[in-house]
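Asker: Before we start, here is the structure in question, set down as structure tokens.
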Amino acid sequence: MVFAPHYKFNVTAGDLNKLWGWNNQVGLDLGWKMKNNLYLGLDGGFVFGNQLQDSSIFDGIYNSGGTITGWAGNYADVLFFMRGMSAHIDIGYVWSKLGHNPNSGLWIKLGAGYFMHKIHIESLYDDVPQLEGEYRKGYDRLTMGFSTKQFLGYLYQSDKTFLNFYFGVEFVQGWDKNIRTYNFDLGGPDTELKKDLMISPKFGWLIPIYKRTPKEFYFD
């Protein structure tokens, strides 16, 4: 059984890059490598960042001085963060001939699932009437939909069951839409199908769940 917390550094492309720059993901891989070296699993993670590319979304609430006015009439410190998640079902294969034991080697995976992201708005120290409650939904660009991914990397499992990890590059493609019925800056919905892309160096640390040495086939 594969149980591996992971980290990804995501470089954005396509429509996603119009809204967000680079971001991060932390998550978990859960799966099974079989005796024939086929792999089946689940992969999910929490996406986060702060590299907002398109601040024009909020042009309508900036004052003539280029700041946002809070409830008390003073400058409000407002921060914009990326928040999202991904979840995929994976199928893959481990070429153990390129590894030092039957459970290590070149690792290829394909996946299909779900991707979502939005703008998380935080107003510090002062409330901003235009960004409170339901009004935030008109600015948060909540986007979700179907996604696919491909991973190419290397799976390493130590003969002594201590040093167990994988690393590689993952490519994600999301075909998704903004699901909000009204966006204030657009004056209505955004019905365009987006193609969100990410290219990601990825690293995972395997927590071994077995009793036998990796020199044997211990997966179901």
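Chains: A, B, ... in order of the structure tokens. Residues: from 1 per chain. Ligands: from 1, in order shown.
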Within 7 Å of A:Phe3, counting only C-alpha atoms, which residues show up once you throw out same-chain ones fewer than 4 positions away? Write them as a PyMOL selection string, please.
Answerer: chain A and resi 29-31+206-207
Asker: For the residues in that selection, give me N, CA, C and O atoms as a PDB file, in the first residue's frame.
Answerer:
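Here's the written file again.pdb:
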ATOM      1  N   ASP A  29      -1.241  10.942  -1.397  1.00  0.00           N
ATOM      2  CA  ASP A  29      -1.439   9.845  -2.339  1.00  0.00           C
ATOM      3  C   ASP A  29      -1.801   8.590  -1.538  1.00  0.00           C
ATOM      4  O   ASP A  29      -1.134   8.271  -0.540  1.00  0.00           O
ATOM      5  N   LEU A  30      -2.815   7.893  -1.988  1.00  0.00           N
ATOM      6  CA  LEU A  30      -3.217   6.643  -1.358  1.00  0.00           C
ATOM      7  C   LEU A  30      -3.472   5.632  -2.467  1.00  0.00           C
ATOM      8  O   LEU A  30      -4.317   5.872  -3.347  1.00  0.00           O
ATOM      9  N   GLY A  31      -2.738   4.503  -2.476  1.00  0.00           N
ATOM     10  CA  GLY A  31      -2.905   3.575  -3.580  1.00  0.00           C
ATOM     11  C   GLY A  31      -2.288   2.219  -3.338  1.00  0.00           C
ATOM     12  O   GLY A  31      -1.767   1.929  -2.251  1.00  0.00           O
ATOM     13  N   LEU A 206       6.941   8.528   1.312  1.00  0.00           N
ATOM     14  CA  LEU A 206       6.139   7.335   1.546  1.00  0.00           C
ATOM     15  C   LEU A 206       6.271   6.875   2.991  1.00  0.00           C
ATOM     16  O   LEU A 206       7.385   6.700   3.495  1.00  0.00           O
ATOM     17  N   ILE A 207       5.120   6.692   3.624  1.00  0.00           N
ATOM     18  CA  ILE A 207       5.085   6.108   4.957  1.00  0.00           C
ATOM     19  C   ILE A 207       4.863   4.604   4.773  1.00  0.00           C
ATOM     20  O   ILE A 207       3.795   4.196   4.303  1.00  0.00           O
TER      21      ILE A 207
END
Asker: Give me the stretch 127-172 of chain A side of the contact with stretch 45-62 of chain A, cut-off 10 Å, one line per residue showing its nearest atom pair and distance in Å at one decimal, counting only C-alpha atoms, sorted by chain and residue number, as JSON lines.
Answerer:
{"residue": "A:Val128", "atom": "CA", "partner": "A:Ile61", "partner_atom": "CA", "distance": 9.5}
{"residue": "A:Pro129", "atom": "CA", "partner": "A:Ile61", "partner_atom": "CA", "distance": 9.9}
{"residue": "A:Gln130", "atom": "CA", "partner": "A:Ile61", "partner_atom": "CA", "distance": 7.2}
{"residue": "A:Leu131", "atom": "CA", "partner": "A:Ile61", "partner_atom": "CA", "distance": 9.0}
{"residue": "A:Gly138", "atom": "CA", "partner": "A:Ile57", "partner_atom": "CA", "distance": 9.7}
{"residue": "A:Tyr139", "atom": "CA", "partner": "A:Ile57", "partner_atom": "CA", "distance": 6.9}
{"residue": "A:Asp140", "atom": "CA", "partner": "A:Ile57", "partner_atom": "CA", "distance": 9.1}
{"residue": "A:Arg141", "atom": "CA", "partner": "A:Ile57", "partner_atom": "CA", "distance": 9.2}
Asker: Keeping only N, CA, C and O atoms, take the residues you just selected and write them out as a PDB file, in the first residue's frame.
Answerer:
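So part_37.pdb came out as:
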ATOM      1  N   VAL A 128     -15.098  45.894   4.972  1.00  0.00           N
ATOM      2  CA  VAL A 128     -15.299  46.574   3.691  1.00  0.00           C
ATOM      3  C   VAL A 128     -16.687  46.195   3.194  1.00  0.00           C
ATOM      4  O   VAL A 128     -16.916  45.042   2.827  1.00  0.00           O
ATOM      5  N   PRO A 129     -17.655  47.131   3.192  1.00  0.00           N
ATOM      6  CA  PRO A 129     -19.035  46.782   2.852  1.00  0.00           C
ATOM      7  C   PRO A 129     -19.186  46.051   1.528  1.00  0.00           C
ATOM      8  O   PRO A 129     -19.988  45.125   1.403  1.00  0.00           O
ATOM      9  N   GLN A 130     -18.389  46.435   0.525  1.00  0.00           N
ATOM     10  CA  GLN A 130     -18.512  45.817  -0.806  1.00  0.00           C
ATOM     11  C   GLN A 130     -18.011  44.372  -0.837  1.00  0.00           C
ATOM     12  O   GLN A 130     -18.262  43.652  -1.805  1.00  0.00           O
ATOM     13  N   LEU A 131     -17.287  43.967   0.215  1.00  0.00           N
ATOM     14  CA  LEU A 131     -16.680  42.634   0.216  1.00  0.00           C
ATOM     15  C   LEU A 131     -17.172  41.768   1.373  1.00  0.00           C
ATOM     16  O   LEU A 131     -16.535  40.766   1.708  1.00  0.00           O
ATOM     17  N   GLY A 138     -19.506  37.746  -5.626  1.00  0.00           N
ATOM     18  CA  GLY A 138     -19.449  38.463  -6.893  1.00  0.00           C
ATOM     19  C   GLY A 138     -18.038  38.790  -7.331  1.00  0.00           C
ATOM     20  O   GLY A 138     -17.831  39.296  -8.448  1.00  0.00           O
ATOM     21  N   TYR A 139     -17.054  38.516  -6.465  1.00  0.00           N
ATOM     22  CA  TYR A 139     -15.658  38.809  -6.779  1.00  0.00           C
ATOM     23  C   TYR A 139     -14.740  37.589  -6.699  1.00  0.00           C
ATOM     24  O   TYR A 139     -13.596  37.650  -7.172  1.00  0.00           O
ATOM     25  N   ASP A 140     -15.196  36.480  -6.116  1.00  0.00           N
ATOM     26  CA  ASP A 140     -14.250  35.414  -5.767  1.00  0.00           C
ATOM     27  C   ASP A 140     -13.886  34.471  -6.920  1.00  0.00           C
ATOM     28  O   ASP A 140     -13.011  33.622  -6.774  1.00  0.00           O
ATOM     29  N   ARG A 141     -14.570  34.595  -8.081  1.00  0.00           N
ATOM     30  CA  ARG A 141     -14.221  33.807  -9.270  1.00  0.00           C
ATOM     31  C   ARG A 141     -14.174  32.289  -8.972  1.00  0.00           C
ATOM     32  O   ARG A 141     -13.271  31.583  -9.422  1.00  0.00           O
TER      33      ARG A 141
END
Asker: May I ask which of the residues A:Tyr125, A:Tyr166, A:Phe203, A:Trp32 is the closest one to A:Asn10, counting only C-alpha atoms?
Answerer: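 Smallest separation from A:Asn10 among the options: A:Phe203.
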Asker: Run DSSP on the backbone and tell me which residues of chain A come out as strand (DSSP E or B); list them as a PyMOL selection string.
Answerer: chain A and resi 2-13+20+23-33+38-49+52+62+68-69+75+77-95+105-124+143-157+164-178+183+188+194-205
Asker: Quick one: residues within 9 Å of A:Thr67, only C-alpha atoms counted, chain neighbours fewer than 6 positions away excluded, as a ChimeraX atom specification?
Answerer: /A:61,75-77
Asker: For a quick check of understanding, using only C-alpha atoms, which of A:Gly133, A:Gly168, A:Gly84, A:Pro102 has the smallest distance to A:Tyr114?
Answerer: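 Closest candidate: A:Gly84.
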Asker: Between A:Gln157, A:Ser147, A:Thr191, A:Ser64, single out the one closest to A:Gln173, counting only C-alpha atoms.
Answerer: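 When distances to A:Gln173 are compared using only C-alpha atoms, the smallest one comes from A:Ser147.
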Asker: Leaving out A:His120 and any residue of its chain fewer than 6 positions from it, which residues lie within 7 Å of it when counting only C-alpha atoms, given as a count of residues only?
Answerer: 5
Asker: To one decimal place, how far is atom CA of A:Lys118 from atom CA of A:Pro201 in Å?
Answerer: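 So the answer is 22.3 Å.
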Asker: Need to verify the contact set: A:Phe151, 8 Å, only C-alpha atoms, exclusion of same-chain residues closer than 6 positions in sequence. Can you return it as a PyMOL selection string?
Answerer: chain A and resi 107-110+168-171
Asker: What does the structure give for the distance between atom CA of A:Ile91 and atom CA of A:Leu38, in Å to one decimal?
Answerer: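 Calculated distance between atom CA of A:Ile91 and atom CA of A:Leu38 is 7.5 Å.
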Asker: Just give me the gap between atom CA of A:Tyr135 and atom CA of A:Glu122 in Å, one decimal is fine.
Answerer: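 About the pair atom CA of A:Tyr135 and atom CA of A:Glu122: they are 13.0 Å apart.
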